>>> print(open('entry-v3.txt').read())   # compact mmCIF, C-alpha atoms
# COMPACT_ATOMS: atom_id res chain seq x y z
CA MET A 269 7.10 26.42 42.36
CA ASN A 270 10.63 26.54 43.78
CA ALA A 271 13.05 23.64 43.98
CA LEU A 272 12.28 22.97 47.66
CA SER A 273 8.55 22.50 47.01
CA MET A 274 8.90 20.32 43.90
CA PRO A 275 7.79 16.69 44.39
CA PHE A 276 10.68 14.30 44.87
CA THR A 277 11.07 11.45 42.37
CA PRO A 278 13.07 8.51 43.78
CA PRO A 279 16.01 7.30 41.66
CA ILE A 280 14.42 3.86 41.23
CA VAL A 281 11.32 5.48 39.70
CA LYS A 282 13.48 7.51 37.30
CA ARG A 283 15.36 4.37 36.25
CA LEU A 284 12.15 2.43 35.65
CA LEU A 285 10.63 5.32 33.71
CA GLY A 286 13.73 5.34 31.53
CA TRP A 287 12.68 1.93 30.18
CA LYS A 288 9.21 3.05 29.12
CA LYS A 289 8.16 2.01 25.63
CA ASP A 290 5.84 5.00 25.37
CA ASN A 291 7.90 8.06 24.49
CA SER A 292 5.51 10.52 26.13
CA GLU A 293 6.71 12.00 29.43
CA ASP A 294 3.29 12.11 31.02
CA LYS A 295 2.70 12.50 34.74
CA TRP A 296 0.31 9.56 34.76
CA SER A 297 3.08 7.09 34.00
CA GLU A 298 5.16 8.50 36.82
CA LYS A 299 2.26 8.13 39.26
CA ALA A 300 1.67 4.55 38.12
CA VAL A 301 5.32 3.63 38.66
CA LYS A 302 5.49 5.40 42.04
CA SER A 303 2.40 3.52 43.16
CA LEU A 304 3.90 0.18 42.16
CA VAL A 305 7.29 0.95 43.71
CA LYS A 306 5.67 1.82 47.03
CA LYS A 307 3.73 -1.43 47.03
CA LEU A 308 6.69 -3.59 46.04
CA LYS A 309 8.95 -2.17 48.77
CA LYS A 310 6.80 -4.01 51.30
CA SER A 311 6.92 -7.32 49.44
CA GLY A 312 10.60 -7.24 48.51
CA CYS A 313 9.92 -7.56 44.78
CA LEU A 314 11.30 -4.17 43.77
CA GLU A 315 14.73 -5.47 42.74
CA GLU A 316 13.09 -8.23 40.71
CA LEU A 317 10.97 -5.66 38.87
CA GLU A 318 14.04 -3.65 37.89
CA ARG A 319 15.80 -6.84 36.82
CA ALA A 320 12.84 -7.89 34.66
CA VAL A 321 12.49 -4.49 33.00
CA THR A 322 16.20 -3.98 32.31
CA THR A 323 16.97 -7.54 31.16
CA GLN A 324 13.62 -8.10 29.40
CA ASN A 325 13.82 -11.68 30.57
CA SER A 326 10.73 -13.89 31.02
CA GLN A 327 12.78 -16.18 33.31
CA THR A 328 12.60 -13.59 36.09
CA LYS A 329 10.40 -14.30 39.10
CA CYS A 330 6.77 -13.34 39.61
CA ILE A 331 6.27 -9.75 40.82
CA THR A 332 3.04 -9.69 42.79
CA ILE A 333 0.63 -7.25 44.35
CA PRO A 334 -2.59 -8.09 46.24
CA ARG A 335 -5.51 -8.71 43.94
CA SER A 336 -8.12 -7.22 46.21
CA SER A 337 -8.87 -4.36 48.57
CA PHE A 338 -5.76 -2.19 48.57
CA VAL A 339 -5.29 1.55 48.58
CA THR A 340 -1.91 3.13 47.87
CA SER A 341 -0.64 6.57 46.94
CA GLY A 342 -2.27 7.54 43.68
CA ALA A 343 -3.83 4.11 43.15
CA GLN A 344 -7.05 2.54 44.28
CA PHE A 345 -8.60 -0.90 43.92
CA ILE A 346 -11.94 -0.83 42.14
CA PRO A 347 -14.13 -3.73 43.32
CA HIS A 348 -16.37 -5.57 40.88
CA PRO A 349 -20.02 -4.44 41.04
CA HIS A 350 -21.16 -8.04 41.47
CA PRO A 351 -19.83 -9.75 44.63
CA LYS A 352 -19.77 -13.19 43.03
CA ALA A 353 -17.34 -11.94 40.40
CA ALA A 354 -15.29 -9.68 42.65
CA SER A 355 -12.24 -11.93 42.49
CA LEU A 356 -12.28 -11.76 38.71
CA ASP A 357 -12.02 -8.03 38.21
CA GLY A 358 -9.56 -6.06 40.35
CA ARG A 359 -9.04 -2.85 38.43
CA LEU A 360 -6.47 -0.31 39.49
CA GLN A 361 -7.20 3.41 39.42
CA VAL A 362 -4.30 5.77 38.89
CA SER A 363 -5.15 9.46 38.64
CA HIS A 364 -8.70 8.90 37.40
CA ARG A 365 -7.70 6.21 34.90
CA LYS A 366 -8.82 2.64 35.53
CA GLY A 367 -7.30 -0.58 34.28
CA LEU A 368 -6.26 -4.06 35.25
CA PRO A 369 -2.82 -3.95 36.95
CA HIS A 370 -1.02 -6.35 34.62
CA VAL A 371 -2.43 -4.52 31.59
CA ILE A 372 -1.26 -1.13 32.92
CA TYR A 373 2.34 -2.24 33.40
CA CYS A 374 2.53 -4.33 30.23
CA ARG A 375 1.38 -1.24 28.35
CA LEU A 376 3.92 0.91 30.16
CA TRP A 377 6.99 -1.26 29.56
CA ARG A 378 6.18 -3.37 26.53
CA TRP A 379 3.18 -2.54 24.33
CA PRO A 380 1.93 1.08 24.32
CA ASP A 381 -0.93 0.09 21.97
CA LEU A 382 -2.27 -2.59 24.34
CA GLN A 383 -6.00 -2.09 24.84
CA SER A 384 -7.38 -5.09 26.72
CA HIS A 385 -6.47 -8.06 28.90
CA HIS A 386 -7.89 -10.21 26.10
CA GLU A 387 -4.71 -9.40 24.16
CA LEU A 388 -2.50 -10.96 26.84
CA LYS A 389 -1.61 -14.55 27.63
CA ALA A 390 0.50 -15.51 30.65
CA VAL A 391 3.67 -17.57 30.17
CA GLU A 392 3.43 -21.11 31.55
CA ARG A 393 5.89 -20.57 34.38
CA CYS A 394 3.95 -17.63 35.87
CA GLU A 395 2.55 -18.84 39.21
CA TYR A 396 0.39 -15.77 39.90
CA ALA A 397 -0.95 -15.01 36.42
CA PHE A 398 -4.07 -12.86 36.36
CA HIS A 399 -6.35 -15.62 35.05
CA LEU A 400 -5.44 -17.96 37.94
CA LYS A 401 -7.44 -15.73 40.31
CA LYS A 402 -5.10 -16.10 43.26
CA ASP A 403 -4.96 -13.60 46.12
CA GLU A 404 -1.81 -12.12 44.55
CA VAL A 405 -1.57 -11.11 40.90
CA CYS A 406 1.66 -10.99 38.91
CA VAL A 407 2.46 -7.67 37.21
CA ASN A 408 5.81 -8.73 35.71
CA PRO A 409 5.41 -7.44 32.14
CA TYR A 410 7.67 -10.22 30.86
CA HIS A 411 5.40 -12.92 32.28
CA TYR A 412 2.82 -12.06 29.61
CA ALA A 413 2.82 -12.39 25.82
CA ARG A 414 0.60 -10.87 23.16
CA VAL A 415 -2.11 -13.17 21.86
CA GLU A 416 -1.45 -14.14 18.26
CA THR A 417 -4.24 -14.77 15.78
CA PRO A 418 -4.15 -18.48 14.91
CA VAL A 419 -3.89 -19.43 11.26
CA LEU A 420 -7.08 -21.17 10.21
CA PRO A 421 -6.59 -24.27 8.04
CA PRO A 422 -8.09 -24.03 4.54
CA VAL A 423 -11.35 -25.84 3.87
CA LEU A 424 -11.11 -28.53 1.20
CA VAL A 425 -14.06 -28.12 -1.15
CA PRO A 426 -14.90 -30.36 -4.13
CA ARG A 427 -14.13 -28.25 -7.20
CA GLN A 428 -17.06 -27.55 -9.50
CA THR A 429 -15.96 -28.33 -13.06
CA ASP A 430 -18.98 -28.43 -15.36
CA LEU A 431 -21.60 -26.14 -13.86
CA SER A 432 -21.99 -22.40 -13.83
CA LEU A 433 -23.01 -21.27 -10.35
CA ASP A 434 -24.23 -17.99 -8.99
CA VAL A 435 -24.64 -18.10 -5.23
CA SER A 436 -24.98 -14.38 -4.58
CA ARG A 437 -27.75 -14.94 -2.04
CA LYS A 438 -28.40 -12.33 0.57
CA LEU A 439 -28.36 -13.10 4.27
CA PRO A 440 -31.79 -14.39 5.43
CA HIS A 441 -34.11 -11.63 6.59
CA LEU A 442 -35.05 -11.55 10.26
CA ASP A 443 -38.59 -12.70 9.51
CA GLU A 444 -37.27 -15.75 7.65
CA LEU A 445 -35.65 -17.06 10.82
CA SER A 446 -38.91 -17.54 12.74
CA ASN A 447 -39.60 -20.68 14.73
CA ASN A 448 -42.25 -21.67 17.23
CA THR A 449 -39.71 -22.93 19.76
CA VAL A 450 -38.74 -20.49 22.48
CA PRO A 451 -35.52 -21.59 24.22
CA ASP A 452 -34.66 -20.94 27.83
CA ASN A 453 -32.66 -17.78 28.40
CA ALA A 454 -29.30 -17.79 30.15
CA THR A 455 -27.75 -15.22 32.44
CA PHE A 456 -23.97 -14.93 32.31
CA LEU A 457 -21.91 -13.40 35.08
CA VAL A 458 -18.47 -13.58 33.55
CA GLY A 459 -15.52 -11.73 35.01
CA MET A 460 -12.65 -10.15 33.16
CA ASP A 461 -11.01 -13.34 32.05
CA THR A 462 -9.81 -14.70 28.72
CA GLN A 463 -10.95 -18.21 29.65
CA SER A 464 -14.62 -17.28 29.62
CA SER A 465 -15.96 -20.77 29.02
CA SER A 466 -14.26 -22.24 32.08
CA HIS A 467 -15.24 -19.51 34.52
CA THR A 468 -18.90 -18.84 33.81
CA HIS A 469 -21.89 -19.12 36.07
CA SER A 470 -25.45 -19.75 34.95
CA LEU A 471 -27.55 -17.68 37.30
CA PRO A 472 -31.28 -17.33 37.92
CA SER A 473 -32.88 -14.86 35.58
CA GLU A 474 -33.17 -11.34 36.88
CA THR A 475 -36.03 -8.95 36.22
CA PRO A 476 -35.24 -5.99 33.97
CA PRO A 477 -33.83 -2.94 35.79
CA PRO A 478 -36.47 -0.77 37.51
CA GLY A 479 -37.48 2.61 36.16
CA TYR A 480 -38.01 1.62 32.53
CA MET A 481 -41.11 1.43 30.40
CA SER A 482 -43.59 -1.31 31.26
CA ASP A 483 -43.96 -4.37 29.05
CA ASP A 484 -47.75 -4.22 29.35
CA GLY A 485 -49.74 -4.06 26.17
CA GLU A 486 -47.11 -5.58 23.88
CA THR A 487 -47.98 -8.25 21.34
CA SER A 488 -46.04 -11.48 21.73
CA GLU A 489 -44.34 -12.63 18.55
CA GLN A 490 -42.72 -15.86 17.47
CA ASN A 491 -39.12 -16.37 18.48
CA MET A 492 -36.43 -16.04 15.87
CA ASP A 493 -34.54 -19.31 15.62
CA THR A 494 -30.98 -18.81 14.42
CA SER A 495 -30.35 -22.54 14.35
CA SER A 496 -27.45 -23.80 12.32
CA THR A 497 -28.57 -27.43 12.53
CA ASN A 498 -28.17 -29.50 9.41
CA SER A 499 -31.01 -30.48 7.11
CA ASN A 500 -31.93 -34.17 7.33
CA ASN A 501 -32.54 -34.22 3.59
CA THR A 502 -28.97 -33.22 2.74
CA ALA A 503 -26.96 -36.26 1.76
CA PRO A 504 -23.24 -36.33 2.59
CA GLN A 505 -20.98 -35.69 -0.34
CA SER A 506 -18.43 -38.33 -1.22
CA THR A 507 -14.96 -36.88 -1.59
CA GLU A 508 -13.66 -39.89 -3.51
CA SER A 509 -12.41 -39.10 -7.00
CA LEU A 510 -13.18 -35.41 -6.51
CA ASP A 511 -10.86 -32.52 -7.26
CA LEU A 512 -10.57 -30.83 -3.85
CA GLN A 513 -9.99 -27.10 -3.89
CA PRO A 514 -8.49 -25.53 -0.72
CA VAL A 515 -10.33 -22.34 0.29
CA SER A 516 -8.46 -20.22 2.84
CA TYR A 517 -9.71 -17.67 5.32
CA CYS A 518 -8.77 -14.05 4.58
CA GLU A 519 -9.00 -11.25 7.12
CA PRO A 520 -11.10 -8.39 5.68
CA PRO A 521 -10.31 -4.68 6.29
CA PHE A 522 -13.54 -4.38 8.33
CA TRP A 523 -14.00 -7.32 10.68
CA CYS A 524 -17.71 -6.63 11.28
CA SER A 525 -20.59 -4.45 10.14
CA ILE A 526 -23.15 -3.20 12.67
CA ALA A 527 -26.73 -2.16 11.95
CA TYR A 528 -28.86 -0.36 14.56
CA TYR A 529 -32.60 -1.01 14.93
CA GLU A 530 -35.50 0.38 16.91
CA MET A 531 -38.18 -2.30 17.08
CA HIS A 532 -38.60 -3.43 13.44
CA GLN A 533 -37.10 -0.28 11.94
CA ARG A 534 -33.53 0.08 10.77
CA VAL A 535 -32.11 3.47 11.79
CA GLY A 536 -29.06 5.15 10.26
CA GLU A 537 -26.24 3.74 8.18
CA ALA A 538 -24.30 0.57 8.96
CA PHE A 539 -21.11 1.01 10.97
CA HIS A 540 -18.00 -0.79 9.66
CA ALA A 541 -15.49 -1.76 12.33
CA SER A 542 -11.80 -1.65 11.44
CA GLN A 543 -10.32 -1.43 14.96
CA PRO A 544 -9.93 -4.44 17.30
CA SER A 545 -11.64 -2.53 20.11
CA LEU A 546 -14.97 -0.81 19.53
CA THR A 547 -17.47 0.92 21.86
CA ILE A 548 -21.17 1.19 21.02
CA ASP A 549 -22.77 3.75 23.35
CA GLY A 550 -25.82 5.97 23.70
CA PHE A 551 -24.01 9.31 23.56
CA THR A 552 -23.93 11.94 20.85
CA ASP A 553 -20.33 12.34 19.74
CA PRO A 554 -19.84 11.87 15.98
CA SER A 555 -18.86 8.26 15.44
CA SER A 556 -15.21 7.37 14.85
CA SER A 557 -13.32 4.20 13.99
CA GLU A 558 -13.36 3.19 17.66
CA ARG A 559 -16.81 4.43 18.64
CA PHE A 560 -20.36 4.03 17.32
CA CYS A 561 -22.65 6.58 19.03
CA LEU A 562 -26.32 5.64 18.86
CA GLY A 563 -27.48 8.85 20.53
CA LEU A 564 -26.65 10.80 17.40
CA LEU A 565 -29.00 8.77 15.18
CA SER A 566 -32.36 10.42 14.51
CA ASN A 567 -35.70 8.79 13.76
CA VAL A 568 -38.81 10.93 13.05
CA ASN A 569 -41.04 7.94 13.83
CA ARG A 570 -39.40 7.15 17.17
CA ASP A 571 -41.72 5.54 19.72
CA PRO A 572 -41.82 7.15 23.24
CA GLN A 573 -40.79 3.79 24.71
CA VAL A 574 -37.75 3.74 22.44
CA GLU A 575 -36.88 7.29 23.45
CA GLN A 576 -37.08 6.36 27.13
CA THR A 577 -34.94 3.25 26.69
CA ARG A 578 -32.27 5.05 24.67
CA ARG A 579 -31.58 7.29 27.66
CA HIS A 580 -30.42 4.25 29.61
CA VAL A 581 -28.01 2.82 27.02
CA GLY A 582 -25.26 4.96 28.58
CA LYS A 583 -21.75 3.60 28.06
CA GLY A 584 -23.22 0.66 26.19
CA VAL A 585 -21.04 -2.26 25.17
CA ARG A 586 -17.41 -2.70 24.16
CA LEU A 587 -16.53 -5.28 21.52
CA TYR A 588 -13.07 -6.80 21.20
CA TYR A 589 -11.80 -8.75 18.20
CA ILE A 590 -8.56 -10.34 19.32
CA GLY A 591 -6.84 -13.58 18.34
CA GLY A 592 -9.74 -14.66 16.14
CA GLU A 593 -12.23 -14.29 19.01
CA VAL A 594 -14.97 -11.73 19.65
CA PHE A 595 -15.79 -10.60 23.20
CA ALA A 596 -18.64 -8.39 24.41
CA GLU A 597 -18.20 -6.41 27.65
CA CYS A 598 -21.16 -4.62 29.24
CA LEU A 599 -20.17 -1.05 30.16
CA SER A 600 -23.72 0.17 30.73
CA ASP A 601 -25.44 0.39 34.10
CA SER A 602 -28.12 -1.86 32.57
CA SER A 603 -27.66 -5.39 31.28
CA ILE A 604 -27.21 -6.23 27.63
CA PHE A 605 -28.75 -9.29 25.96
CA VAL A 606 -26.91 -11.31 23.32
CA GLN A 607 -27.99 -14.01 20.89
CA SER A 608 -24.95 -15.73 19.40
CA PRO A 609 -25.45 -19.14 17.74
CA ASN A 610 -21.68 -19.77 17.92
CA CYS A 611 -21.61 -19.15 21.68
CA ASN A 612 -24.76 -21.23 22.19
CA GLN A 613 -23.26 -24.15 20.30
CA ARG A 614 -20.15 -24.01 22.51
CA TYR A 615 -22.26 -24.59 25.62
CA GLY A 616 -24.74 -27.01 24.06
CA TRP A 617 -27.69 -24.62 24.25
CA HIS A 618 -30.53 -24.09 21.81
CA PRO A 619 -29.15 -21.91 18.96
CA ALA A 620 -31.65 -19.12 19.70
CA THR A 621 -30.83 -18.84 23.41
CA VAL A 622 -30.42 -15.25 24.62
CA CYS A 623 -27.62 -14.60 27.15
CA LYS A 624 -27.93 -11.81 29.69
CA ILE A 625 -24.63 -10.03 30.42
CA PRO A 626 -24.85 -7.89 33.59
CA PRO A 627 -22.92 -4.61 34.00
CA GLY A 628 -19.16 -5.08 34.33
CA CYS A 629 -19.17 -8.60 32.86
CA ASN A 630 -18.12 -9.99 29.51
CA LEU A 631 -18.67 -13.01 27.29
CA LYS A 632 -16.90 -14.60 24.34
CA ILE A 633 -19.52 -14.44 21.59
CA PHE A 634 -17.63 -15.84 18.59
CA ASN A 635 -14.60 -18.00 17.93
CA ASN A 636 -13.11 -18.31 14.44
CA GLN A 637 -11.54 -21.71 15.12
CA GLU A 638 -14.84 -23.20 16.25
CA PHE A 639 -16.49 -21.79 13.12
CA ALA A 640 -13.71 -23.22 10.92
CA ALA A 641 -14.23 -26.70 12.40
CA GLN A 642 -18.00 -26.46 11.82
CA LEU A 643 -17.47 -25.30 8.24
CA SER A 644 -15.14 -28.21 7.47
CA GLN A 645 -17.75 -30.66 8.79
CA ASN A 646 -20.62 -29.08 6.90
CA VAL A 647 -18.76 -29.10 3.58
CA ASN A 648 -19.05 -32.89 3.63
CA ARG A 649 -22.81 -32.60 4.15
CA GLY A 650 -23.49 -30.50 1.11
CA PHE A 651 -24.34 -27.03 -0.13
CA GLU A 652 -27.37 -26.37 2.07
CA ALA A 653 -25.54 -27.41 5.24
CA VAL A 654 -22.82 -24.87 4.45
CA TYR A 655 -25.30 -22.15 3.55
CA GLU A 656 -27.06 -22.57 6.92
CA LEU A 657 -23.86 -21.38 8.62
CA THR A 658 -24.61 -17.83 7.44
CA ARG A 659 -26.86 -17.61 10.50
CA MET A 660 -23.94 -18.35 12.78
CA CYS A 661 -22.16 -15.25 11.42
CA THR A 662 -24.89 -12.93 12.70
CA ILE A 663 -25.06 -11.80 16.35
CA ARG A 664 -27.94 -9.80 17.82
CA MET A 665 -27.69 -7.69 20.91
CA SER A 666 -30.31 -5.56 22.72
CA PHE A 667 -29.81 -2.81 25.28
CA VAL A 668 -31.71 -2.51 28.59
CA LYS A 669 -34.66 -4.71 27.49
CA GLY A 670 -34.34 -8.45 27.02
CA TRP A 671 -36.27 -10.89 24.88
CA GLY A 672 -36.95 -14.61 24.83
CA ALA A 673 -38.57 -17.22 27.06
CA GLU A 674 -38.48 -15.25 30.31
CA TYR A 675 -39.68 -11.93 28.89
CA ARG A 676 -42.88 -10.67 27.36
CA ARG A 677 -40.93 -9.80 24.24
CA GLN A 678 -40.35 -12.99 22.28
CA THR A 679 -38.31 -11.55 19.42
CA VAL A 680 -35.48 -9.07 19.19
CA THR A 681 -37.62 -6.93 16.87
CA SER A 682 -39.88 -6.27 19.87
CA THR A 683 -37.07 -4.65 21.86
CA PRO A 684 -36.71 -0.83 21.75
CA CYS A 685 -32.97 -0.64 20.93
CA TRP A 686 -30.86 -3.39 19.41
CA ILE A 687 -28.01 -4.00 17.02
CA GLU A 688 -27.08 -6.73 14.58
CA LEU A 689 -23.45 -7.68 13.94
CA HIS A 690 -22.41 -9.27 10.66
CA LEU A 691 -18.99 -10.93 10.92
CA ASN A 692 -17.46 -10.14 7.55
CA GLY A 693 -14.51 -12.55 7.62
CA PRO A 694 -16.59 -15.72 8.21
CA LEU A 695 -19.30 -14.52 5.79
CA GLN A 696 -16.78 -13.91 3.00
CA TRP A 697 -15.18 -17.29 3.71
CA LEU A 698 -18.58 -18.93 3.35
CA ASP A 699 -19.12 -17.13 0.06
CA ARG A 700 -15.84 -18.43 -1.37
CA VAL A 701 -16.67 -21.97 -0.22
CA LEU A 702 -20.19 -21.86 -1.68
CA THR A 703 -18.94 -20.66 -5.07
CA GLN A 704 -16.89 -23.88 -5.29
CA MET A 705 -19.75 -26.20 -4.35
CA VAL A 706 -22.47 -27.86 -6.42
CA PRO A 707 -25.86 -26.29 -5.63
CA PRO A 708 -28.86 -28.47 -4.68
CA ASP A 709 -30.58 -30.34 -7.53
CA LYS A 710 -34.04 -29.07 -6.62
CA VAL A 711 -35.05 -26.15 -8.80
CA CYS A 712 -36.66 -23.21 -6.98
CA SER A 713 -39.57 -21.63 -8.83
CA SER A 714 -42.43 -19.24 -8.12
CA MET A 715 -44.69 -22.26 -7.53
CA SER A 716 -42.44 -23.90 -4.89
>>> encode(input="entry-v3.txt", output="structure tokens")
Amino acid sequence: MNALSMPFTPPIVKRLLGWKKDNSEDKWSEKAVKSLVKKLKKSGCLEELERAVTTQNSQTKCITIPRSSFVTSGAQFIPHPHPKAASLDGRLQVSHRKGLPHVIYCRLWRWPDLQSHHELKAVERCEYAFHLKKDEVCVNPYHYARVETPVLPPVLVPRQTDLSLDVSRKLPHLDELSNNTVPDNATFLVGMDTQSSSHTHSLPSETPPPGYMSDDGETSEQNMDTSSTNSNNTAPQSTESLDLQPVSYCEPPFWCSIAYYEMHQRVGEAFHASQPSLTIDGFTDPSSSERFCLGLLSNVNRDPQVEQTRRHVGKGVRLYYIGGEVFAECLSDSSIFVQSPNCNQRYGWHPATVCKIPPGCNLKIFNNQEFAAQLSQNVNRGFEAVYELTRMCTIRMSFVKGWGAEYRRQTVTSTPCWIELHLNGPLQWLDRVLTQMVPPDKVCSSMS
């Protein structure tokens, strides 16, 4: 290619690229900047963008682009697959890569390791912040800050002074969580927004996607109740004249462990998540720290229905652990179904409620601060009330097929493909609290 045929790069683009935080000189970054420059020339915000990038000043003005329905050179708006949530998810496509606009440019000029919009929080003075859902969205990288993980206050536990205690109990088995009550299911259509609880819509239940195995001929089982309600027989502990021991939360090296099941059968080894962003999909690549591939797991006793369902897992689900919160985003073309006692408590639902998350939507499924508040309350109600919170630290999620009140399958163990998440940080915190507490007086024997 001679000099006359080489693509021209405007000086403003070269100057803006000079402030990149990512040292790589990739063509994608240049295309992303060119696309933004072209758009901002029409709105008159180009000078403000250069001022913001060069001064690194959050006091600069909002730099906005239309949230919806635009096509520019090298960039394309990707509408949300569900019309009701279209205003919540305006992803930008630049040279076959997709991402939310403010995330793309914050990654370009500030944080190369940025993975998700969940990691960003707009500054108060930003009038067109992404979460406000206005017609224009601000892409000023200095109008956003990284979300910091809040420090959880220690739990004050009465110190045990004269008893030897061994509380090395295992997590209750699935069959131990049975209950005759089947709660109503909930369908969540949640857009790409960090404020999930304030922008959710409870929708009528949808039938499972067409083209999958029929539910006919299945045996209905009792529903698994993951209730964390307190026992009425547990008397509150008086904290007067007690030596209170502070027990702090510690972040473990692996924030969760994931087990994969087919019906009642556990398949493969547990996956231990160390990265804040994790994808669980149905493909066959060897698993890595950021990806758990279910398609690679073999099972000689695999049911034909399981085999058929596994083909539709596809891109699966992406989990984010950011700022002490866990989010689940459905990447599959089929819905995912989630049972999270922590999430259900937040919305005042029955603890065993199953939430349906349609493709392209996401839901906050655990919050460390909410759990910390519940733990502090339950400490005053005694050992058994604290131990019951182990159920809140377990989240179950099925692919393609749902379970619960509105489905023939009443338990998760009746679904073809499902996973169970154990949140290691909260579980280890519970263990340290329980080791400080006085166990119940009632002796458990083989006759009880």
>>> closest_residue(input="entry-v3.txt", among="A:Phe651, A:Tyr588, A:Trp686, A:Tyr412", to="Phe634 in chain A", atoms="only C-alpha atoms")
A:Tyr588
>>> closest_atom_pairs(input="entry-v3.txt", of="range 607-692 of chain A", to="range 565-586 of chain A", cutoff="12 Å", atoms="only C-alpha atoms", output="JSON lines")
{"residue": "A:Ile625", "atom": "CA", "partner": "A:Val585", "partner_atom": "CA", "distance": 10.0}
{"residue": "A:Pro626", "atom": "CA", "partner": "A:Val585", "partner_atom": "CA", "distance": 10.8}
{"residue": "A:Pro627", "atom": "CA", "partner": "A:Val585", "partner_atom": "CA", "distance": 9.3}
{"residue": "A:Gly628", "atom": "CA", "partner": "A:Val585", "partner_atom": "CA", "distance": 9.8}
{"residue": "A:Cys629", "atom": "CA", "partner": "A:Val585", "partner_atom": "CA", "distance": 10.1}
{"residue": "A:Asn630", "atom": "CA", "partner": "A:Arg586", "partner_atom": "CA", "distance": 9.1}
{"residue": "A:Leu631", "atom": "CA", "partner": "A:Arg586", "partner_atom": "CA", "distance": 10.8}
{"residue": "A:Lys632", "atom": "CA", "partner": "A:Arg586", "partner_atom": "CA", "distance": 11.9}
{"residue": "A:Met665", "atom": "CA", "partner": "A:Val585", "partner_atom": "CA", "distance": 9.6}
{"residue": "A:Ser666", "atom": "CA", "partner": "A:Val581", "partner_atom": "CA", "distance": 9.7}
{"residue": "A:Phe667", "atom": "CA", "partner": "A:Val581", "partner_atom": "CA", "distance": 6.2}
{"residue": "A:Val668", "atom": "CA", "partner": "A:Val581", "partner_atom": "CA", "distance": 6.7}
{"residue": "A:Lys669", "atom": "CA", "partner": "A:Thr577", "partner_atom": "CA", "distance": 8.0}
{"residue": "A:Gly670", "atom": "CA", "partner": "A:Thr577", "partner_atom": "CA", "distance": 11.7}
{"residue": "A:Ser682", "atom": "CA", "partner": "A:Val574", "partner_atom": "CA", "distance": 10.6}
{"residue": "A:Thr683", "atom": "CA", "partner": "A:Val574", "partner_atom": "CA", "distance": 8.4}
{"residue": "A:Pro684", "atom": "CA", "partner": "A:Val574", "partner_atom": "CA", "distance": 4.7}
{"residue": "A:Cys685", "atom": "CA", "partner": "A:Val574", "partner_atom": "CA", "distance": 6.7}
{"residue": "A:Trp686", "atom": "CA", "partner": "A:Arg578", "partner_atom": "CA", "distance": 10.0}
{"residue": "A:Ile687", "atom": "CA", "partner": "A:Val585", "partner_atom": "CA", "distance": 10.9}
>>> write_last_selection(input="entry-v3.txt", atoms="C-alpha atoms", output="mmCIF file, in the coordinates of the input")
data_model
loop_
_atom_site.group_PDB
_atom_site.id
_atom_site.type_symbol
_atom_site.label_atom_id
_atom_site.label_comp_id
_atom_site.auth_asym_id
_atom_site.auth_seq_id
_atom_site.Cartn_x
_atom_site.Cartn_y
_atom_site.Cartn_z
ATOM 1 C CA ILE A 625 -24.630 -10.030 30.420
ATOM 2 C CA PRO A 626 -24.850 -7.890 33.590
ATOM 3 C CA PRO A 627 -22.920 -4.610 34.000
ATOM 4 C CA GLY A 628 -19.160 -5.080 34.330
ATOM 5 C CA CYS A 629 -19.170 -8.600 32.860
ATOM 6 C CA ASN A 630 -18.120 -9.990 29.510
ATOM 7 C CA LEU A 631 -18.670 -13.010 27.290
ATOM 8 C CA LYS A 632 -16.900 -14.600 24.340
ATOM 9 C CA MET A 665 -27.690 -7.690 20.910
ATOM 10 C CA SER A 666 -30.310 -5.560 22.720
ATOM 11 C CA PHE A 667 -29.810 -2.810 25.280
ATOM 12 C CA VAL A 668 -31.710 -2.510 28.590
ATOM 13 C CA LYS A 669 -34.660 -4.710 27.490
ATOM 14 C CA GLY A 670 -34.340 -8.450 27.020
ATOM 15 C CA SER A 682 -39.880 -6.270 19.870
ATOM 16 C CA THR A 683 -37.070 -4.650 21.860
ATOM 17 C CA PRO A 684 -36.710 -0.830 21.750
ATOM 18 C CA CYS A 685 -32.970 -0.640 20.930
ATOM 19 C CA TRP A 686 -30.860 -3.390 19.410
ATOM 20 C CA ILE A 687 -28.010 -4.000 17.020
#
>>> closest_residue(input="entry-v3.txt", among="A:Asp403, A:Glu519, A:Glu674, A:Glu316", to="Val419 in chain A", atoms="only C-alpha atoms")
A:Glu519
>>> atom_distance(input="entry-v3.txt", atom1="CA of Leu702 in chain A", atom2="CA of Gln637 in chain A")
18.9 Å
>>> residues_around(input="entry-v3.txt", residues="Glu298 in chain A", least_positions_apart="5", cutoff="10 Å", atoms="all atoms listed in the file", output="MDAnalysis selection string")
chainID A and resid 277 281:282 284:285 293 303:304
>>> atom_distance(input="entry-v3.txt", atom1="CA of Ile663 in chain A", atom2="CA of Ala641 in chain A")
18.8 Å
>>> closest_residue(input="entry-v3.txt", among="A:Ile633, A:Leu695, A:Leu546, A:Ala541", to="Glu656 in chain A", atoms="all atoms listed in the file")
A:Leu695
>>> closest_residue(input="entry-v3.txt", among="A:Asn453, A:Arg414, A:Val647, A:Leu564", to="Gln678 in chain A", atoms="only C-alpha atoms")
A:Asn453
>>> closest_residue(input="entry-v3.txt", among="A:Tyr410, A:Arg378, A:Gln642, A:Gln383", to="Asn325 in chain A", atoms="only C-alpha atoms")
A:Tyr410
>>> residues_near_point(input="entry-v3.txt", point="(9.3, -23.3, 30.5)", cutoff="12 Å", atoms="only C-alpha atoms", output="JSON, numbers by chain")
{"A": [326, 327, 328, 390, 391, 392, 393, 394, 395, 411]}
